[in-house]
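Pasting upload_14.cif here (mmCIF, C-alpha atoms):
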data_model
#
loop_
_atom_site.label_atom_id
_atom_site.label_comp_id
_atom_site.auth_asym_id
_atom_site.auth_seq_id
_atom_site.Cartn_x
_atom_site.Cartn_y
_atom_site.Cartn_z
CA MET A 1 4.19 14.35 -28.65
CA LYS A 2 3.15 17.33 -30.77
CA MET A 3 2.42 20.66 -29.11
CA ASP A 4 -1.13 20.75 -30.53
CA ASP A 5 -1.86 17.35 -29.03
CA LEU A 6 -0.53 18.46 -25.65
CA GLU A 7 -2.65 21.58 -25.65
CA LYS A 8 -5.75 19.47 -26.32
CA LEU A 9 -4.86 17.15 -23.46
CA PHE A 10 -4.48 20.04 -21.02
CA LEU A 11 -7.89 21.37 -22.04
CA GLN A 12 -9.50 17.95 -21.70
CA TYR A 13 -7.79 17.06 -18.41
CA PRO A 14 -7.36 20.15 -16.20
CA LEU A 15 -5.58 18.06 -13.54
CA LEU A 16 -2.58 17.91 -15.91
CA GLU A 17 -1.77 21.50 -15.01
CA SER A 18 -1.07 20.52 -11.42
CA ILE A 19 0.65 17.27 -12.41
CA CYS A 20 3.13 18.98 -14.72
CA GLN A 21 4.00 21.44 -11.93
CA GLY A 22 4.97 18.58 -9.61
CA VAL A 23 2.05 19.25 -7.26
CA GLU A 24 0.61 16.34 -5.29
CA VAL A 25 -2.71 15.29 -6.80
CA SER A 26 -5.41 12.69 -6.30
CA TRP A 27 -7.26 11.33 -9.33
CA GLU A 28 -10.43 9.23 -9.30
CA ASN A 29 -10.84 6.91 -12.28
CA LYS A 30 -14.27 7.58 -13.78
CA ASN A 31 -13.78 4.62 -16.12
CA CYS A 32 -13.84 2.23 -13.15
CA ARG A 33 -17.10 0.39 -13.67
CA SER A 34 -19.01 -1.79 -11.25
CA GLY A 35 -18.67 -5.48 -12.06
CA SER A 36 -16.31 -4.85 -14.96
CA MET A 37 -13.32 -7.18 -15.38
CA PRO A 38 -11.02 -7.56 -18.39
CA GLU A 39 -11.29 -11.04 -19.87
CA SER A 40 -7.57 -11.47 -20.56
CA PHE A 41 -7.02 -13.66 -17.48
CA THR A 42 -9.18 -15.75 -15.19
CA MET A 43 -8.92 -17.08 -11.67
CA ASN A 44 -7.75 -20.37 -13.18
CA ASP A 45 -4.67 -18.56 -14.54
CA ILE A 46 -3.85 -17.24 -11.08
CA LEU A 47 -4.46 -20.63 -9.48
CA ASP A 48 -2.13 -22.23 -12.04
CA ALA A 49 0.58 -19.82 -10.94
CA GLU A 50 -0.15 -20.56 -7.28
CA TYR A 51 0.09 -24.33 -7.82
CA ARG A 52 3.42 -23.86 -9.59
CA LEU A 53 4.79 -21.95 -6.60
CA ILE A 54 3.55 -24.75 -4.34
CA ARG A 55 5.37 -27.32 -6.50
CA PHE A 56 8.59 -25.33 -6.16
CA ALA A 57 8.27 -24.90 -2.39
CA PRO A 58 10.57 -27.90 -1.63
CA PHE A 59 13.30 -26.36 -3.80
CA LEU A 60 12.92 -22.93 -2.21
CA TYR A 61 12.91 -24.53 1.25
CA GLN A 62 16.31 -26.09 0.60
CA ALA A 63 17.84 -23.23 -1.40
CA PHE A 64 16.80 -20.33 0.86
CA SER A 65 16.80 -20.72 4.64
CA ASP A 66 14.54 -17.69 5.12
CA THR A 67 11.66 -19.56 3.46
CA ARG A 68 11.72 -22.47 5.91
CA SER A 69 9.39 -20.95 8.48
CA LEU A 70 6.85 -20.78 5.63
CA ASN A 71 7.60 -24.28 4.30
CA GLY A 72 9.22 -22.90 1.18
CA MET A 73 6.57 -20.34 0.32
CA ILE A 74 7.43 -16.72 -0.49
CA GLU A 75 4.99 -14.72 1.62
CA SER A 76 4.84 -11.78 4.00
CA PRO A 77 2.72 -11.02 7.08
CA LEU A 78 -0.28 -8.73 7.22
CA ILE A 79 0.04 -6.78 10.46
CA PRO A 80 -2.02 -4.11 12.24
CA ILE A 81 -0.16 -0.83 12.79
CA PRO A 82 -2.25 0.97 15.45
CA LEU A 83 0.56 3.26 16.63
CA MET A 84 1.20 4.42 13.06
CA LYS A 85 -2.53 4.98 12.66
CA LYS A 86 -2.63 7.22 15.75
CA ALA A 87 0.42 9.15 14.56
CA LEU A 88 -1.17 9.72 11.14
CA GLU A 89 -4.38 10.89 12.76
CA ARG A 90 -2.45 13.37 14.92
CA SER A 91 -0.48 14.66 11.94
CA LYS A 92 -3.67 15.38 9.98
CA ASN A 93 -5.92 16.12 12.95
CA GLU A 94 -8.40 13.72 11.36
CA ARG A 95 -9.65 10.29 12.36
CA ILE A 96 -9.10 7.19 10.19
CA THR A 97 -12.32 5.18 10.20
CA GLY A 98 -11.56 1.46 10.31
CA GLU A 99 -8.35 -0.43 10.98
CA LEU A 100 -4.97 0.18 9.33
CA PHE A 101 -2.73 -2.71 8.26
CA LEU A 102 0.64 -3.04 6.59
CA LYS A 103 1.15 -5.78 4.00
CA CYS A 104 4.81 -6.44 4.67
CA ASP A 105 6.29 -7.32 1.29
CA ASN A 106 9.34 -5.49 2.64
CA GLN A 107 9.85 -8.73 4.58
CA LEU A 108 9.43 -11.18 1.70
CA PRO A 109 12.10 -13.89 1.79
CA VAL A 110 14.79 -14.36 -0.88
CA SER A 111 14.92 -10.81 -2.23
CA GLY A 112 13.06 -8.60 0.26
CA SER A 113 10.58 -6.85 -2.02
CA ILE A 114 7.32 -7.32 -3.91
CA LYS A 115 9.42 -8.26 -6.95
CA ALA A 116 10.06 -11.61 -5.26
CA ARG A 117 6.48 -12.49 -6.19
CA GLY A 118 6.60 -11.89 -9.94
CA GLY A 119 10.30 -12.07 -10.73
CA ILE A 120 11.00 -15.33 -8.94
CA TYR A 121 7.81 -16.86 -10.30
CA GLU A 122 8.74 -16.16 -13.92
CA VAL A 123 12.20 -17.68 -13.56
CA LEU A 124 10.76 -20.75 -11.83
CA LYS A 125 8.22 -21.20 -14.63
CA PHE A 126 10.98 -20.98 -17.24
CA ALA A 127 13.09 -23.48 -15.29
CA GLU A 128 10.16 -25.92 -15.06
CA LYS A 129 9.36 -25.67 -18.77
CA THR A 130 13.00 -26.04 -19.80
CA ALA A 131 13.58 -29.03 -17.51
CA ARG A 132 10.39 -30.76 -18.66
CA ASN A 133 11.27 -30.28 -22.31
CA ALA A 134 14.64 -31.91 -21.61
CA GLY A 135 12.99 -34.85 -19.82
CA MET A 136 14.68 -34.00 -16.52
CA ILE A 137 11.52 -33.97 -14.40
CA LEU A 138 8.31 -35.95 -14.36
CA PRO A 139 4.79 -34.99 -13.23
CA ASP A 140 4.39 -35.14 -9.44
CA GLN A 141 8.16 -35.24 -8.90
CA ASP A 142 9.58 -33.65 -5.75
CA TYR A 143 10.98 -30.32 -6.92
CA ALA A 144 13.70 -30.43 -4.30
CA CYS A 145 15.57 -32.13 -7.15
CA PHE A 146 16.18 -28.67 -8.65
CA CYS A 147 18.91 -28.27 -6.03
CA GLU A 148 20.89 -31.13 -7.57
CA GLN A 149 24.14 -30.47 -9.42
CA ARG A 150 22.80 -31.91 -12.68
CA PHE A 151 20.23 -29.12 -12.82
CA GLN A 152 22.87 -26.50 -12.08
CA GLU A 153 24.97 -27.81 -14.96
CA PHE A 154 22.00 -28.00 -17.31
CA PHE A 155 20.71 -24.49 -16.55
CA SER A 156 24.20 -23.01 -16.99
CA ASN A 157 23.58 -23.34 -20.72
CA TYR A 158 20.84 -20.72 -20.45
CA LYS A 159 20.80 -17.04 -19.59
CA ILE A 160 18.13 -14.94 -17.88
CA THR A 161 18.10 -11.24 -18.79
CA VAL A 162 16.09 -8.33 -17.37
CA GLY A 163 16.01 -4.53 -17.42
CA SER A 164 15.42 -2.98 -14.00
CA THR A 165 15.70 0.02 -11.69
CA GLY A 166 16.78 -2.34 -8.91
CA ASN A 167 14.43 -4.67 -7.04
CA LEU A 168 13.27 -6.72 -10.02
CA GLY A 169 16.90 -7.16 -11.00
CA LEU A 170 17.67 -8.39 -7.48
CA SER A 171 14.90 -10.99 -7.52
CA ILE A 172 15.84 -12.24 -11.00
CA GLY A 173 19.56 -12.33 -10.26
CA ILE A 174 19.22 -14.13 -6.92
CA ILE A 175 16.85 -16.87 -8.09
CA SER A 176 18.76 -17.35 -11.37
CA ALA A 177 22.03 -17.82 -9.50
CA ALA A 178 20.40 -20.33 -7.14
CA LEU A 179 19.18 -22.44 -10.06
CA GLY A 180 22.43 -22.21 -11.99
CA PHE A 181 21.35 -19.90 -14.80
CA ARG A 182 23.72 -17.30 -16.11
CA SER A 183 22.04 -13.93 -15.61
CA GLU A 184 22.40 -10.40 -16.90
CA VAL A 185 20.70 -7.34 -15.43
CA HIS A 186 20.50 -4.10 -17.40
CA MET A 187 20.18 -1.30 -14.85
CA SER A 188 19.21 2.33 -15.29
CA SER A 189 20.99 5.30 -13.75
CA ASP A 190 18.33 5.33 -10.99
CA ALA A 191 19.47 1.97 -9.59
CA LYS A 192 21.18 2.06 -6.20
CA THR A 193 24.88 1.18 -6.06
CA TRP A 194 24.36 -1.36 -3.27
CA LYS A 195 21.89 -3.30 -5.41
CA LYS A 196 24.37 -3.49 -8.28
CA ASP A 197 27.15 -4.53 -5.91
CA LEU A 198 25.01 -7.26 -4.36
CA LEU A 199 24.19 -8.72 -7.78
CA ARG A 200 27.82 -8.74 -8.85
CA SER A 201 28.78 -10.47 -5.60
CA ILE A 202 26.70 -13.52 -6.58
CA GLY A 203 28.03 -13.68 -10.12
CA VAL A 204 25.37 -11.70 -11.97
CA GLN A 205 26.55 -9.56 -14.87
CA VAL A 206 25.33 -6.00 -14.36
CA ILE A 207 25.27 -3.63 -17.32
CA GLU A 208 24.81 0.01 -16.37
CA TYR A 209 23.28 2.82 -18.43
CA GLU A 210 23.43 6.56 -18.05
CA GLY A 211 19.85 6.73 -19.29
CA ASP A 212 16.55 5.88 -17.67
CA TYR A 213 14.59 2.70 -16.96
CA GLU A 214 13.03 2.64 -20.43
CA LEU A 215 16.46 2.57 -22.06
CA ALA A 216 17.68 -0.26 -19.82
CA VAL A 217 14.64 -2.42 -20.61
CA ALA A 218 14.92 -1.76 -24.36
CA ALA A 219 18.62 -2.62 -24.35
CA GLY A 220 18.05 -5.84 -22.44
CA ARG A 221 15.21 -6.87 -24.75
CA GLU A 222 17.25 -6.17 -27.89
CA LYS A 223 20.32 -8.06 -26.68
CA SER A 224 18.32 -11.08 -25.56
CA GLN A 225 16.80 -11.48 -29.01
CA LEU A 226 20.24 -12.33 -30.39
CA ASP A 227 20.64 -15.37 -28.13
CA PRO A 228 18.31 -18.40 -28.60
CA PHE A 229 19.31 -19.68 -25.14
CA CYS A 230 18.34 -16.42 -23.43
CA HIS A 231 15.05 -15.77 -21.65
CA PHE A 232 14.14 -12.08 -21.30
CA VAL A 233 12.00 -11.11 -18.32
CA ASP A 234 10.03 -8.25 -19.83
CA ASP A 235 8.95 -5.96 -17.00
CA VAL A 236 6.72 -4.04 -19.39
CA ASN A 237 4.89 -6.85 -21.21
CA SER A 238 5.28 -10.08 -19.23
CA THR A 239 2.10 -11.98 -18.38
CA ASP A 240 4.13 -14.39 -16.22
CA LEU A 241 5.30 -11.53 -14.00
CA PHE A 242 1.72 -10.29 -13.82
CA LEU A 243 0.33 -13.65 -12.72
CA GLY A 244 3.11 -14.15 -10.19
CA TYR A 245 2.14 -10.86 -8.58
CA ALA A 246 -1.55 -11.75 -8.76
CA THR A 247 -1.04 -14.74 -6.45
CA GLY A 248 -0.49 -12.14 -3.70
CA ALA A 249 -4.25 -11.51 -3.79
CA LEU A 250 -4.98 -15.15 -2.93
CA ARG A 251 -2.54 -15.00 -0.03
CA LEU A 252 -4.09 -11.77 1.26
CA GLN A 253 -7.57 -13.30 1.12
CA THR A 254 -6.35 -16.15 3.33
CA GLN A 255 -4.76 -13.74 5.80
CA LEU A 256 -7.93 -11.68 6.06
CA LYS A 257 -9.91 -14.83 6.86
CA GLU A 258 -7.35 -15.88 9.47
CA LYS A 259 -7.73 -12.51 11.16
CA ALA A 260 -11.54 -12.69 10.92
CA ILE A 261 -11.59 -9.44 8.95
CA VAL A 262 -14.95 -9.04 7.27
CA VAL A 263 -15.08 -7.62 3.75
CA ASP A 264 -18.62 -6.64 2.76
CA GLU A 265 -20.65 -3.59 1.71
CA GLN A 266 -20.43 -2.11 5.21
CA HIS A 267 -16.72 -2.97 5.54
CA PRO A 268 -15.00 -2.53 2.16
CA LEU A 269 -11.30 -3.02 1.58
CA PHE A 270 -9.03 -0.10 0.63
CA VAL A 271 -5.59 -1.00 -0.74
CA TYR A 272 -2.80 1.50 -1.49
CA LEU A 273 -0.04 0.25 -3.79
CA PRO A 274 3.19 1.99 -4.91
CA CYS A 275 3.42 1.91 -8.70
CA GLY A 276 6.35 1.98 -11.14
CA VAL A 277 5.73 0.46 -14.58
CA GLY A 278 2.60 -1.17 -13.12
CA GLY A 279 3.13 -4.94 -13.11
CA GLY A 280 3.26 -5.53 -9.34
CA PRO A 281 0.33 -3.36 -8.26
CA GLY A 282 -1.53 -4.29 -11.43
CA GLY A 283 -1.33 -8.02 -10.77
CA ILE A 284 -2.39 -7.63 -7.16
CA THR A 285 -5.27 -5.33 -8.09
CA PHE A 286 -6.47 -7.74 -10.78
CA GLY A 287 -6.42 -10.64 -8.33
CA LEU A 288 -8.18 -8.66 -5.61
CA LYS A 289 -10.91 -7.52 -7.99
CA LEU A 290 -11.51 -11.11 -9.10
CA LEU A 291 -11.84 -12.17 -5.47
CA PHE A 292 -13.74 -9.23 -3.94
CA GLY A 293 -15.28 -7.39 -6.89
CA ASP A 294 -16.71 -3.98 -5.94
CA LEU A 295 -15.92 -4.58 -2.26
CA VAL A 296 -12.24 -3.72 -2.82
CA HIS A 297 -10.91 -0.32 -3.89
CA CYS A 298 -7.34 -0.14 -5.18
CA TYR A 299 -5.26 3.03 -5.57
CA PHE A 300 -1.79 3.43 -7.09
CA ALA A 301 0.81 5.73 -5.52
CA GLU A 302 3.41 7.49 -7.67
CA PRO A 303 6.12 10.14 -7.22
CA VAL A 304 5.21 13.65 -8.38
CA GLN A 305 7.99 13.53 -10.99
CA ALA A 306 7.11 10.07 -12.32
CA PRO A 307 3.31 9.65 -12.39
CA CYS A 308 3.38 7.51 -15.53
CA MET A 309 0.39 5.27 -14.71
CA THR A 310 -1.74 8.26 -13.75
CA LEU A 311 -0.94 9.86 -17.09
CA GLY A 312 -1.48 6.70 -19.10
CA VAL A 313 -4.83 5.66 -17.63
CA MET A 314 -6.25 9.17 -17.12
CA THR A 315 -5.64 10.26 -20.73
CA GLY A 316 -6.40 6.87 -22.28
CA LEU A 317 -3.08 7.09 -24.12
CA TRP A 318 -1.60 4.27 -22.01
CA ASP A 319 2.02 3.75 -23.08
CA ARG A 320 1.82 6.38 -25.81
CA ILE A 321 2.53 9.13 -23.29
CA SER A 322 5.58 9.71 -21.10
CA VAL A 323 6.15 11.98 -18.12
CA PHE A 324 8.77 13.69 -20.30
CA ASP A 325 5.97 14.78 -22.64
CA ILE A 326 4.56 17.11 -19.97
CA GLY A 327 7.91 18.39 -18.76
CA LEU A 328 8.54 16.18 -15.74
CA THR A 329 11.97 14.72 -14.99
CA GLY A 330 11.08 11.15 -14.04
CA LYS A 331 13.60 11.48 -11.21
CA THR A 332 12.78 10.33 -7.70
CA ALA A 333 14.47 8.98 -4.58
CA ALA A 334 12.06 6.06 -4.86
CA ASP A 335 14.20 4.16 -7.36
CA GLY A 336 11.62 1.41 -7.89
CA LEU A 337 9.08 4.02 -9.01
CA ALA A 338 11.42 5.95 -11.34
CA VAL A 339 9.51 4.99 -14.48
CA GLN A 340 8.72 7.42 -17.27
CA ARG A 341 6.27 5.39 -19.36
CA PRO A 342 3.73 2.85 -18.06
CA SER A 343 3.12 -0.66 -19.33
CA GLY A 344 0.48 -0.61 -22.05
CA LEU A 345 -0.60 -4.08 -20.96
CA ILE A 346 -1.22 -2.94 -17.40
CA CYS A 347 -2.93 0.29 -18.46
CA ARG A 348 -5.38 -1.70 -20.56
CA LEU A 349 -6.14 -4.08 -17.72
CA MET A 350 -6.44 -1.35 -15.08
CA THR A 351 -8.61 1.12 -17.01
CA PRO A 352 -11.95 -0.48 -15.99
CA ILE A 353 -10.97 -1.66 -12.48
CA LEU A 354 -8.48 0.78 -10.90
CA ASP A 355 -10.20 3.19 -8.51
CA GLY A 356 -7.62 5.93 -8.82
CA CYS A 357 -4.08 7.23 -8.38
CA PHE A 358 -2.34 9.79 -6.21
CA THR A 359 1.11 11.34 -6.18
CA VAL A 360 3.56 12.11 -3.40
CA ARG A 361 6.64 14.32 -3.03
CA ASP A 362 9.96 12.65 -2.30
CA GLU A 363 10.44 14.38 1.05
CA ARG A 364 7.17 12.92 2.29
CA LEU A 365 8.34 9.40 1.43
CA PHE A 366 11.09 9.79 4.00
CA GLN A 367 8.75 11.33 6.55
CA TYR A 368 6.36 8.36 6.37
CA LEU A 369 9.30 5.95 6.39
CA GLN A 370 10.61 7.55 9.58
CA LEU A 371 7.20 7.72 11.23
CA LEU A 372 6.60 4.02 10.65
CA TYR A 373 9.99 3.19 12.14
CA GLN A 374 9.45 5.47 15.14
CA THR A 375 5.99 4.12 15.93
CA GLU A 376 6.12 0.46 14.91
CA LYS A 377 9.88 -0.25 14.59
CA ILE A 378 9.32 -1.40 11.00
CA PHE A 379 11.76 -0.29 8.32
CA ILE A 380 10.75 0.11 4.69
CA GLU A 381 12.52 1.77 1.78
CA PRO A 382 11.30 5.13 0.38
CA SER A 383 9.21 3.72 -2.48
CA ALA A 384 7.44 1.39 -0.04
CA SER A 385 6.08 4.30 2.01
CA ALA A 386 4.32 5.90 -0.97
CA GLY A 387 0.95 4.36 -0.11
CA PHE A 388 0.40 6.14 3.22
CA PRO A 389 -0.76 9.54 1.93
CA GLY A 390 -3.46 7.86 -0.13
CA ILE A 391 -5.52 7.22 2.99
CA PHE A 392 -6.16 10.96 3.28
CA SER A 393 -5.73 12.20 -0.28
CA THR A 394 -8.46 9.85 -1.53
CA LYS A 395 -10.73 10.77 1.44
CA ASN A 396 -11.06 7.08 2.27
CA HIS A 397 -10.25 7.80 5.91
CA LEU A 398 -13.83 8.97 6.23
CA LYS A 399 -15.26 5.60 5.18
CA ALA A 400 -15.74 2.50 7.30
CA GLY A 401 -13.61 -0.45 6.21
CA THR A 402 -10.13 -1.91 6.31
CA HIS A 403 -7.13 0.03 5.01
CA ILE A 404 -4.04 -1.81 3.75
CA VAL A 405 -0.83 -0.04 2.78
CA TRP A 406 1.28 -2.39 0.65
CA ALA A 407 4.93 -2.03 1.74
CA THR A 408 6.90 -3.08 -1.31
CA GLY A 409 10.50 -3.38 -0.13
CA GLY A 410 13.23 -2.63 2.36
CA ASN A 411 14.57 -5.79 4.00
CA MET A 412 17.77 -5.93 1.94
CA VAL A 413 18.78 -2.28 2.40
CA PRO A 414 22.31 -2.21 3.93
CA PRO A 415 22.60 -0.80 7.49
CA ALA A 416 24.47 2.36 6.42
CA GLU A 417 21.86 3.13 3.75
CA LYS A 418 19.08 2.43 6.22
CA GLU A 419 20.52 4.90 8.72
CA ALA A 420 20.85 7.52 6.00
CA TYR A 421 17.17 7.10 5.09
CA LEU A 422 16.13 7.45 8.73
CA ARG A 423 18.16 10.67 9.11
CA ARG A 424 17.12 12.16 5.78
CA SER A 425 14.51 14.56 7.13
CA ASP A 426 12.90 15.38 10.45
CA THR A 427 10.32 17.85 9.22
CA ASP A 428 6.68 17.31 10.09
CA LEU A 429 4.19 15.77 7.70
#
I'd like the structure from this file rewritten - as structure tokens, please.
Amino acid sequence: MKMDDLEKLFLQYPLLESICQGVEVSWENKNCRSGSMPESFTMNDILDAEYRLIRFAPFLYQAFSDTRSLNGMIESPLIPIPLMKKALERSKNERITGELFLKCDNQLPVSGSIKARGGIYEVLKFAEKTARNAGMILPDQDYACFCEQRFQEFFSNYKITVGSTGNLGLSIGIISAALGFRSEVHMSSDAKTWKKDLLRSIGVQVIEYEGDYELAVAAGREKSQLDPFCHFVDDVNSTDLFLGYATGALRLQTQLKEKAIVVDEQHPLFVYLPCGVGGGPGGITFGLKLLFGDLVHCYFAEPVQAPCMTLGVMTGLWDRISVFDIGLTGKTAADGLAVQRPSGLICRLMTPILDGCFTVRDERLFQYLQLLYQTEKIFIEPSASAGFPGIFSTKNHLKAGTHIVWATGGNMVPPAEKEAYLRRSDTDL
């Protein structure tokens, strides 16, 4: 980006001064308009994705034992965290109006993160389409048949490729291996060693890069184009990923009803979602806005060194601006959020419906992680704790309603790594 253009941006958006200095900020999206929804997707699109996941439930039930308590569905609990709420109130000396819940995507079966929603869905959709085109399945057939050896042999002719900082690669690699696909994950320098080791242990080819997430995705995309039997899961542009994530909104709606949680003008819903390139939180936000309209308020959480979605939506430049353009490093201990440039697709969809964004320092990620473990005995990884400061930084703690922090991952973290996270810092919030 040219220096003249940057100078104009800083004049137009004074908050950039704090952002480029790595200061925690909270930004309210003035383009968020009442009753405004992009027309790119409808509820029918999300329901189509949901029905596909239901069709595949018999396969998932057989292939993954941790889905059996949910009859083959990939879902996580919504749980109240009253002890965490009290600890947060004490740390800020302020009261949180309304109840506080954790949406535990850190406990999702199969791959233990929010990426199990979108990543697994896209591979399942590709498997269904490929099998149907080959005449291997019929309408209304029991999809438990996907466990059969003939499907394994058939899918071994195809490859699934993805570029990832870690958790998306895990979800793609695990489900691809279960179906019999060959798979290849292009991973950036931010990816954790244990995630790469786990993928290799199940036969996934892992290609490492010294560069960042953007480089890994570009390399994976370019290589996949040379192979007609390769399907590239495009974390930046995939509508299938987006719709897989969006089904999470339907599931949350059901859980709110089961808990008799009222969502109305006097009791709005506040949802805080960690954000990397934007697909996961974007899909969930889109689904929630379709379901609840102006009664739900969604905020994205980003590291101070990688606030790519804040930059993209705030300036209106979307994917034409990178955190590098304003002098940030893009580096963070929250590997899933170590993204330098947002998805243009998600920026476009979020511009009229996202309520705002906020940023958080790395050390605070560990403090919230530890506090949750100390109070509720729930472990989440650093990126998954990014949503907690939004309750106060957006001033929503002063409003009546229900607060939901979306915990995006943590179940697959090895014990030694988990202990290291819990010992990382003992300073106060």
What lies within 9 Å of Cys147 of chain A using only C-alpha atoms, ignoring chain neighbours under 2 positions off, as number ranges by chain? A: 59-60, 62-63, 143-145, 149-152, 178-179
The PyMOL selection byres ((chain A and resi 329) around 10) - which residues does that actually catch in the file I just gave you? List them as a ChimeraX atom specification. /A:20,22,304-306,323-328,330-332,338,340
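Across the chains present, the PyMOL selection byres ((chain A and resi 7-18) around 10) applied to this file returns A:Lys2, A:Met3, A:Asp4, A:Asp5, A:Leu6, A:Ile19, A:Cys20, A:Gln21, A:Gly22, A:Val23, A:Glu24, A:Val25, A:Ser26, A:Trp27, A:Val304, A:Thr310, A:Leu311, A:Met314, A:Thr315, A:Ile326.
Every protein, DNA or RNA residue with an atom at most 9 Å from Arg182 of chain A, where only C-alpha atoms count and chain neighbours fewer than 2 positions away do not, is listed here: Phe155, Ser156, Asn157, Tyr158, Lys159, Ile160, Thr161, Gly173, Ser176, Ala177, Gly180, Glu184, Gly203, Val204 and Gln205 of chain A.
Atom CA of Glu94 of chain A to atom CA of Asp294 of chain A spans 26.1 Å [interatomic distance, one decimal].
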